[in-house]
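See below for target.cif, which holds mmCIF, C-alpha atoms and all ligand atoms.
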```
data_structure
loop_
_atom_site.group_PDB
_atom_site.id
_atom_site.type_symbol
_atom_site.label_atom_id
_atom_site.label_comp_id
_atom_site.auth_asym_id
_atom_site.auth_seq_id
_atom_site.Cartn_x
_atom_site.Cartn_y
_atom_site.Cartn_z
ATOM 1 C CA MET A 1 111.005 211.460 69.282
ATOM 2 C CA SER A 2 113.969 212.425 71.459
ATOM 3 C CA HIS A 3 117.286 210.581 71.606
ATOM 4 C CA PHE A 4 120.777 211.266 72.912
ATOM 5 C CA ASP A 5 124.301 210.209 72.017
ATOM 6 C CA MET A 6 126.513 208.148 74.361
ATOM 7 C CA LEU A 7 130.274 208.162 74.868
ATOM 8 C CA VAL A 8 132.446 205.036 75.134
ATOM 9 C CA LYS A 9 136.037 204.998 76.434
ATOM 10 C CA LEU A 10 137.766 202.750 73.938
ATOM 11 C CA TYR A 11 141.104 203.080 75.728
ATOM 12 C CA ASP A 12 139.581 201.182 78.677
ATOM 13 C CA LEU A 13 138.414 198.310 76.473
ATOM 14 C CA ASP A 14 140.377 195.025 76.565
ATOM 15 C CA LEU A 15 141.363 193.564 73.213
ATOM 16 C CA ASP A 16 139.285 190.485 73.953
ATOM 17 C CA PHE A 17 137.907 188.749 70.868
ATOM 18 C CA SER A 18 136.465 185.731 72.727
ATOM 19 C CA PHE A 19 132.965 186.797 71.647
ATOM 20 C CA ILE A 20 133.774 185.367 68.187
ATOM 21 C CA GLU A 21 134.272 181.857 69.639
ATOM 22 C CA GLU A 22 131.280 182.214 71.967
ATOM 23 C CA GLN A 23 129.012 183.104 69.057
ATOM 24 C CA LYS A 24 130.501 180.294 66.968
ATOM 25 C CA LYS A 25 129.431 177.795 69.659
ATOM 26 C CA LYS A 26 125.865 179.005 69.058
ATOM 27 C CA GLY A 27 126.258 178.495 65.289
ATOM 28 C CA ILE A 28 126.699 182.228 64.664
ATOM 29 C CA GLU A 29 129.529 183.708 62.616
ATOM 30 C CA ILE A 30 130.614 187.321 63.235
ATOM 31 C CA ARG A 31 132.656 188.875 60.416
ATOM 32 C CA LYS A 32 132.879 191.693 57.933
ATOM 33 C CA PRO A 33 130.885 191.105 54.744
ATOM 34 C CA ILE A 34 132.664 190.794 51.393
ATOM 35 C CA GLY A 35 131.855 192.699 48.198
ATOM 36 C CA PRO A 36 129.512 190.183 46.494
ATOM 37 C CA GLU A 37 127.284 190.191 49.590
ATOM 38 C CA LYS A 38 126.668 193.948 49.511
ATOM 39 C CA SER A 39 123.187 194.178 47.924
ATOM 40 C CA PHE A 40 121.865 191.246 49.987
ATOM 41 C CA VAL A 41 123.102 192.809 53.226
ATOM 42 C CA LEU A 42 121.675 196.235 52.363
ATOM 43 C CA GLU A 43 118.311 194.804 51.235
ATOM 44 C CA TRP A 44 118.061 192.832 54.485
ATOM 45 C CA ILE A 45 118.771 195.961 56.546
ATOM 46 C CA GLU A 46 116.113 197.985 54.701
ATOM 47 C CA LYS A 47 113.513 195.209 55.011
ATOM 48 C CA GLN A 48 114.179 194.554 58.711
ATOM 49 C CA PHE A 49 114.771 198.156 59.798
ATOM 50 C CA SER A 50 114.667 201.233 57.499
ATOM 51 C CA ILE A 51 115.935 203.032 54.405
ATOM 52 C CA PHE A 52 117.927 205.328 56.717
ATOM 53 C CA TRP A 53 119.840 202.411 58.185
ATOM 54 C CA ARG A 54 120.375 201.000 54.701
ATOM 55 C CA ASN A 55 121.885 204.319 53.585
ATOM 56 C CA GLU A 56 124.239 204.361 56.550
ATOM 57 C CA ALA A 57 125.253 200.725 56.068
ATOM 58 C CA ASP A 58 125.952 201.524 52.405
ATOM 59 C CA ILE A 59 128.489 204.139 53.526
ATOM 60 C CA ALA A 60 130.083 201.716 56.016
ATOM 61 C CA PHE A 61 130.314 199.134 53.220
ATOM 62 C CA ASN A 62 132.112 201.604 50.961
ATOM 63 C CA ASN A 63 134.627 202.692 53.603
ATOM 64 C CA ASN A 64 138.099 201.328 53.020
ATOM 65 C CA PRO A 65 138.608 199.219 55.077
ATOM 66 C CA ARG A 66 134.856 198.710 55.436
ATOM 67 C CA SER A 67 133.325 199.483 58.804
ATOM 68 C CA ILE A 68 130.450 197.010 58.970
ATOM 69 C CA PHE A 69 130.112 193.613 60.655
ATOM 70 C CA ILE A 70 127.397 191.050 60.078
ATOM 71 C CA ALA A 71 126.162 188.016 62.004
ATOM 72 C CA ILE A 72 125.261 184.867 60.062
ATOM 73 C CA LYS A 73 123.294 181.817 61.220
ATOM 74 C CA ASP A 74 122.243 178.904 59.006
ATOM 75 C CA LYS A 75 123.652 180.762 55.983
ATOM 76 C CA SER A 76 121.378 183.778 56.576
ATOM 77 C CA ILE A 77 122.136 187.214 57.941
ATOM 78 C CA ILE A 78 120.640 187.748 61.404
ATOM 79 C CA GLY A 79 122.304 191.024 62.431
ATOM 80 C CA PHE A 80 124.625 193.870 61.526
ATOM 81 C CA ALA A 81 126.526 196.772 63.083
ATOM 82 C CA CYS A 82 128.347 199.743 61.533
ATOM 83 C CA TYR A 83 130.572 202.622 62.508
ATOM 84 C CA ASP A 84 131.944 205.672 60.641
ATOM 85 C CA ALA A 85 128.641 205.603 58.768
ATOM 86 C CA THR A 86 126.401 208.388 60.090
ATOM 87 C CA VAL A 87 129.417 210.649 60.659
ATOM 88 C CA LEU A 88 133.012 209.817 61.529
ATOM 89 C CA ASN A 89 133.514 208.336 65.018
ATOM 90 C CA PHE A 90 129.844 207.337 65.458
ATOM 91 C CA PHE A 91 128.790 203.743 66.110
ATOM 92 C CA GLY A 92 125.543 202.626 64.491
ATOM 93 C CA PRO A 93 123.193 201.695 63.123
ATOM 94 C CA THR A 94 122.918 198.172 64.491
ATOM 95 C CA GLY A 95 120.211 195.566 64.731
ATOM 96 C CA VAL A 96 119.509 191.875 65.256
ATOM 97 C CA SER A 97 116.441 190.159 63.795
ATOM 98 C CA ASP A 98 113.573 189.736 66.277
ATOM 99 C CA LYS A 99 113.754 185.963 66.417
ATOM 100 C CA CYS A 100 117.517 185.893 67.144
ATOM 101 C CA ARG A 101 117.691 188.413 69.980
ATOM 102 C CA GLY A 102 119.009 187.469 73.422
ATOM 103 C CA LEU A 103 121.831 185.243 72.107
ATOM 104 C CA GLY A 104 124.592 187.766 72.748
ATOM 105 C CA THR A 105 124.795 188.635 69.052
ATOM 106 C CA GLY A 106 123.962 192.335 69.446
ATOM 107 C CA LYS A 107 126.698 192.666 72.047
ATOM 108 C CA ALA A 108 129.169 190.668 69.899
ATOM 109 C CA LEU A 109 128.536 192.955 66.898
ATOM 110 C CA LEU A 110 128.894 195.991 69.155
ATOM 111 C CA ILE A 111 132.225 194.803 70.604
ATOM 112 C CA ALA A 112 133.482 193.869 67.121
ATOM 113 C CA CYS A 113 132.936 197.480 66.015
ATOM 114 C CA MET A 114 134.379 198.941 69.225
ATOM 115 C CA LEU A 115 137.595 196.897 68.939
ATOM 116 C CA ASP A 116 137.900 197.740 65.247
ATOM 117 C CA MET A 117 137.526 201.435 66.131
ATOM 118 C CA LYS A 118 140.084 201.136 68.917
ATOM 119 C CA LEU A 119 142.588 199.456 66.585
ATOM 120 C CA LYS A 120 141.907 202.130 63.965
ATOM 121 C CA GLY A 121 143.139 204.670 66.506
ATOM 122 C CA TYR A 122 140.070 206.199 68.104
ATOM 123 C CA ALA A 123 140.234 206.910 71.854
ATOM 124 C CA TYR A 124 136.459 207.359 72.162
ATOM 125 C CA ALA A 125 133.417 206.112 70.268
ATOM 126 C CA VAL A 126 130.079 207.886 70.137
ATOM 127 C CA ILE A 127 126.903 205.807 70.051
ATOM 128 C CA GLY A 128 124.607 207.921 67.878
ATOM 129 C CA ALA A 129 120.951 208.577 68.692
ATOM 130 C CA VAL A 130 120.362 205.915 71.330
ATOM 131 C CA GLY A 131 118.162 203.755 71.523
ATOM 132 C CA PRO A 132 118.524 201.088 74.213
ATOM 133 C CA ALA A 133 120.753 203.056 76.637
ATOM 134 C CA GLU A 134 120.822 200.242 79.222
ATOM 135 C CA PHE A 135 122.243 197.865 76.592
ATOM 136 C CA TYR A 136 125.201 200.209 75.948
ATOM 137 C CA LYS A 137 125.645 201.046 79.620
ATOM 138 C CA LYS A 138 125.760 197.373 80.579
ATOM 139 C CA ALA A 139 128.000 196.244 77.699
ATOM 140 C CA LEU A 140 130.491 199.136 77.724
ATOM 141 C CA GLY A 141 129.838 201.529 80.591
ATOM 142 C CA ALA A 142 128.708 204.085 77.981
ATOM 143 C CA ILE A 143 127.617 207.431 79.388
ATOM 144 C CA GLU A 144 124.983 209.847 78.121
ATOM 145 C CA ILE A 145 126.224 212.997 76.367
ATOM 146 C CA LYS A 146 123.997 215.819 77.617
ATOM 147 C CA ASP A 147 122.147 218.058 75.131
ATOM 148 C CA SER A 148 123.244 215.866 72.202
ATOM 149 C CA TRP A 149 119.857 215.680 70.415
ATOM 150 C CA PRO A 150 119.360 216.396 67.524
ATOM 151 C CA GLY A 151 123.102 217.061 67.464
ATOM 152 C CA ALA A 152 124.678 215.552 64.350
ATOM 153 C CA TYR A 153 121.180 214.755 62.971
ATOM 154 C CA ASN A 154 120.014 218.386 63.021
ATOM 155 C CA ASN A 155 117.946 219.302 59.918
ATOM 156 C CA MET A 156 118.343 215.836 58.430
ATOM 157 C CA ILE A 157 116.521 215.393 55.091
ATOM 158 C CA ARG A 158 113.928 212.617 55.382
ATOM 159 C CA ASN A 159 112.619 212.353 51.831
ATOM 160 C CA SER A 160 113.533 213.275 48.265
ATOM 161 C CA ASP A 161 110.689 215.806 47.604
HETATM 162 C C1 LIG B 201 119.632 196.303 70.787
HETATM 163 C C2 LIG B 201 119.812 194.964 70.060
HETATM 164 C C3 LIG B 201 120.816 195.121 68.937
HETATM 165 C C4 LIG B 201 120.356 193.942 71.100
HETATM 166 O O1 LIG B 201 120.615 192.731 70.432
HETATM 167 P P1 LIG B 201 120.585 191.308 71.175
HETATM 168 O O2 LIG B 201 121.305 190.341 70.297
HETATM 169 O O3 LIG B 201 119.221 190.953 71.582
HETATM 170 O O4 LIG B 201 121.425 191.650 72.483
HETATM 171 P P2 LIG B 201 122.359 190.658 73.304
HETATM 172 O O5 LIG B 201 121.711 189.308 73.352
HETATM 173 O O6 LIG B 201 123.738 190.710 72.783
HETATM 174 O O7 LIG B 201 122.326 191.333 74.744
HETATM 175 C C5 LIG B 201 123.515 191.590 75.497
HETATM 176 C C6 LIG B 201 123.102 192.035 76.883
HETATM 177 O O8 LIG B 201 122.352 193.265 76.795
HETATM 178 C C7 LIG B 201 121.054 193.086 77.353
HETATM 179 N N1 LIG B 201 120.102 193.788 76.478
HETATM 180 C C8 LIG B 201 119.752 193.466 75.236
HETATM 181 N N2 LIG B 201 118.864 194.374 74.750
HETATM 182 C C9 LIG B 201 118.662 195.267 75.748
HETATM 183 C C10 LIG B 201 117.857 196.420 75.855
HETATM 184 N N3 LIG B 201 117.064 196.825 74.855
HETATM 185 N N4 LIG B 201 117.890 197.098 77.021
HETATM 186 C C11 LIG B 201 118.677 196.686 78.053
HETATM 187 N N5 LIG B 201 119.465 195.592 77.999
HETATM 188 C C12 LIG B 201 119.456 194.885 76.864
HETATM 189 C C13 LIG B 201 120.810 191.594 77.357
HETATM 190 O O9 LIG B 201 119.917 191.234 78.379
HETATM 191 C C14 LIG B 201 122.201 191.035 77.584
HETATM 192 O O10 LIG B 201 122.515 191.070 78.950
HETATM 193 P P3 LIG B 201 123.548 189.994 79.601
HETATM 194 O O11 LIG B 201 124.914 190.321 79.027
HETATM 195 O O12 LIG B 201 123.464 190.255 81.060
HETATM 196 O O13 LIG B 201 123.062 188.635 79.189
HETATM 197 C C15 LIG B 201 118.466 194.391 69.536
HETATM 198 O O14 LIG B 201 117.534 194.375 70.576
HETATM 199 C C16 LIG B 201 117.881 195.183 68.367
HETATM 200 O O15 LIG B 201 118.174 194.889 67.207
HETATM 201 N N6 LIG B 201 117.009 196.168 68.666
HETATM 202 C C17 LIG B 201 116.345 196.952 67.611
HETATM 203 C C18 LIG B 201 117.290 197.887 66.925
HETATM 204 C C19 LIG B 201 117.953 198.872 67.894
HETATM 205 O O16 LIG B 201 117.355 199.386 68.829
HETATM 206 N N7 LIG B 201 119.237 199.163 67.627
HETATM 207 C C20 LIG B 201 120.034 200.090 68.424
HETATM 208 C C21 LIG B 201 119.865 201.491 67.936
HETATM 209 S S1 LIG B 201 120.857 202.649 68.895
#
```

Output the structure of this file as structure tokens.
Amino acid sequence: MSHFDMLVKLYDLDLDFSFIEEQKKKGIEIRKPIGPEKSFVLEWIEKQFSIFWRNEADIAFNNNPRSIFIAIKDKSIIGFACYDATVLNFFGPTGVSDKCRGLGTGKALLIACMLDMKLKGYAYAVIGAVGPAEFYKKALGAIEIKDSWPGAYNNMIRNSD
């Protein structure tokens, strides 16, 4: 499978947090998780997506300050997004549960991470190993980085044998 990374100009991004209120109107809370939620968040990510994404989210959870956002609806997690997890400056992984897609939650989680990265001091963000390129292009004007696969993922270990 072939992917590519994408580049986002954080310096062009408005500090607009209205997505929090917009999601709230749909009964969805966007926030960073707190410590006691860690195992539940990681288990959900592994069950919905993969052990790889769980491993990356684990790193984002342990960053100080942590670099993971979650979306909650009816007291259950429905989505997550991380940055500084795969390698520094990369956004991802991210995902929204099948049944809750199309509500703007994926974009809200994405913008939450982008604004957090901007405020942390990054000028650019890299979306690692895309994925739905049109989603990132539409939401952020992200552009493809040529010859970026396997890039940072070169020779990645995929099992413990
Ligand atoms: C990609 C993903 C996070 C999007 O989540 P979502 O909550 O359904 O997305 P949103 O509702 O916030 O969509 C925001 C906009 O992007 C568009 N969009 C969503 N998914 C898209 C896709 N795969 N391709 C193109 N456009 C997409 C929506 O139509 C919407 O457009 P609008 O602003 O004009 O209404 C979700 O589909 C997902 O979890 N996919 C599987 C995991 C994955 O691929 N993660 C990314 C790895 S790089």

key: Selected residue, from A:Gly121, A:Gly141, A:Gly92, A:Pro150, that lies nearest to ligand LIG 201 (chain B) when counting only C-alpha atoms and all ligand atoms   = A:Gly92

key: Expected selection from the PyMOL selection byres (((chain A and resi 65) around 12) and not hetatm), given as a list of chain:residue names   =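 With the shown file as input, the PyMOL selection byres (((chain A and resi 65) around 12) and not hetatm) matches A:Lys32, A:Pro33, A:Ile34, A:Gly35, A:Ile59, A:Ala60, A:Phe61, A:Asn62, A:Asn63, A:Asn64, A:Arg66, A:Ser67, A:Ile68, A:Phe69, A:Tyr83, A:Asp84, A:Asp116, A:Met117, A:Lys120.
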
request  = For segment 78-80 of chain A, work out the shell of residues within 7 Å, counting only C-alpha atoms and skipping chain neighbours fewer than 3 positions away, then give it as a list in words.
outcome  = Phe69, Ile70, Ala71, Ile72, Lys73, Thr94, Gly95, Val96, Ser97, Cys100 and Leu109 of chain A

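The smallest atom-to-atom distance between ligand LIG 201 (chain B) and any of A:Val130, A:Leu42, A:Leu88, A:Ile28, using only C-alpha atoms and all ligand atoms, is found for A:Val130.
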
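Taken over the shown file, the PyMOL selection byres (((not hetatm)) within 6 of (chain B and resi 201)) identifies Pro93, Thr94, Gly95, Val96, Arg101, Gly102, Leu103, Gly104, Thr105, Gly106, Lys107, Ala129, Val130, Gly131, Pro132, Glu134 and Phe135 of chain A.
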
Edge lengths and centre in Å, axis-aligned, segment 100-113 of chain A plus 4 Å each side, as JSON:
```
{"center_x": 125.5, "center_y": 191.4, "center_z": 69.7, "size_x": 24.0, "size_y": 20.2, "size_z": 15.4}
```

Report the residues retrieved by the PyMOL selection byres (((chain A and resi 114) around 9) and not hetatm) from the displayed file, expressed as a tab-separated table (two decimals) with C-alpha atoms, in the coordinates of the input.
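Saved result, expr-v8.tsv, follows:
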```
chain	number	residue	atom	x	y	z
A	8	VAL	CA	132.45	205.04	75.13
A	10	LEU	CA	137.77	202.75	73.94
A	13	LEU	CA	138.41	198.31	76.47
A	83	TYR	CA	130.57	202.62	62.51
A	91	PHE	CA	128.79	203.74	66.11
A	109	LEU	CA	128.54	192.96	66.90
A	110	LEU	CA	128.89	195.99	69.16
A	111	ILE	CA	132.22	194.80	70.60
A	112	ALA	CA	133.48	193.87	67.12
A	113	CYS	CA	132.94	197.48	66.02
A	115	LEU	CA	137.60	196.90	68.94
A	116	ASP	CA	137.90	197.74	65.25
A	117	MET	CA	137.53	201.44	66.13
A	118	LYS	CA	140.08	201.14	68.92
A	119	LEU	CA	142.59	199.46	66.58
A	125	ALA	CA	133.42	206.11	70.27
```

inquiry  = I'd like to know which of A:Ala57, A:Val126, A:Leu140, A:Ile45 is closest to Asp5 of chain A, using all atoms listed in the file.
reply    =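 For Asp5 of chain A, the nearest of the given residues is A:Val126.
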
message = Could you check the closest approach to Lys38 of chain A for each of A:Arg54, A:Tyr122, A:Asn89, A:Lys146 and tell me which residue wins, using all atoms listed in the file?
response =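 Result for the nearest residue to Lys38 of chain A: A:Arg54.
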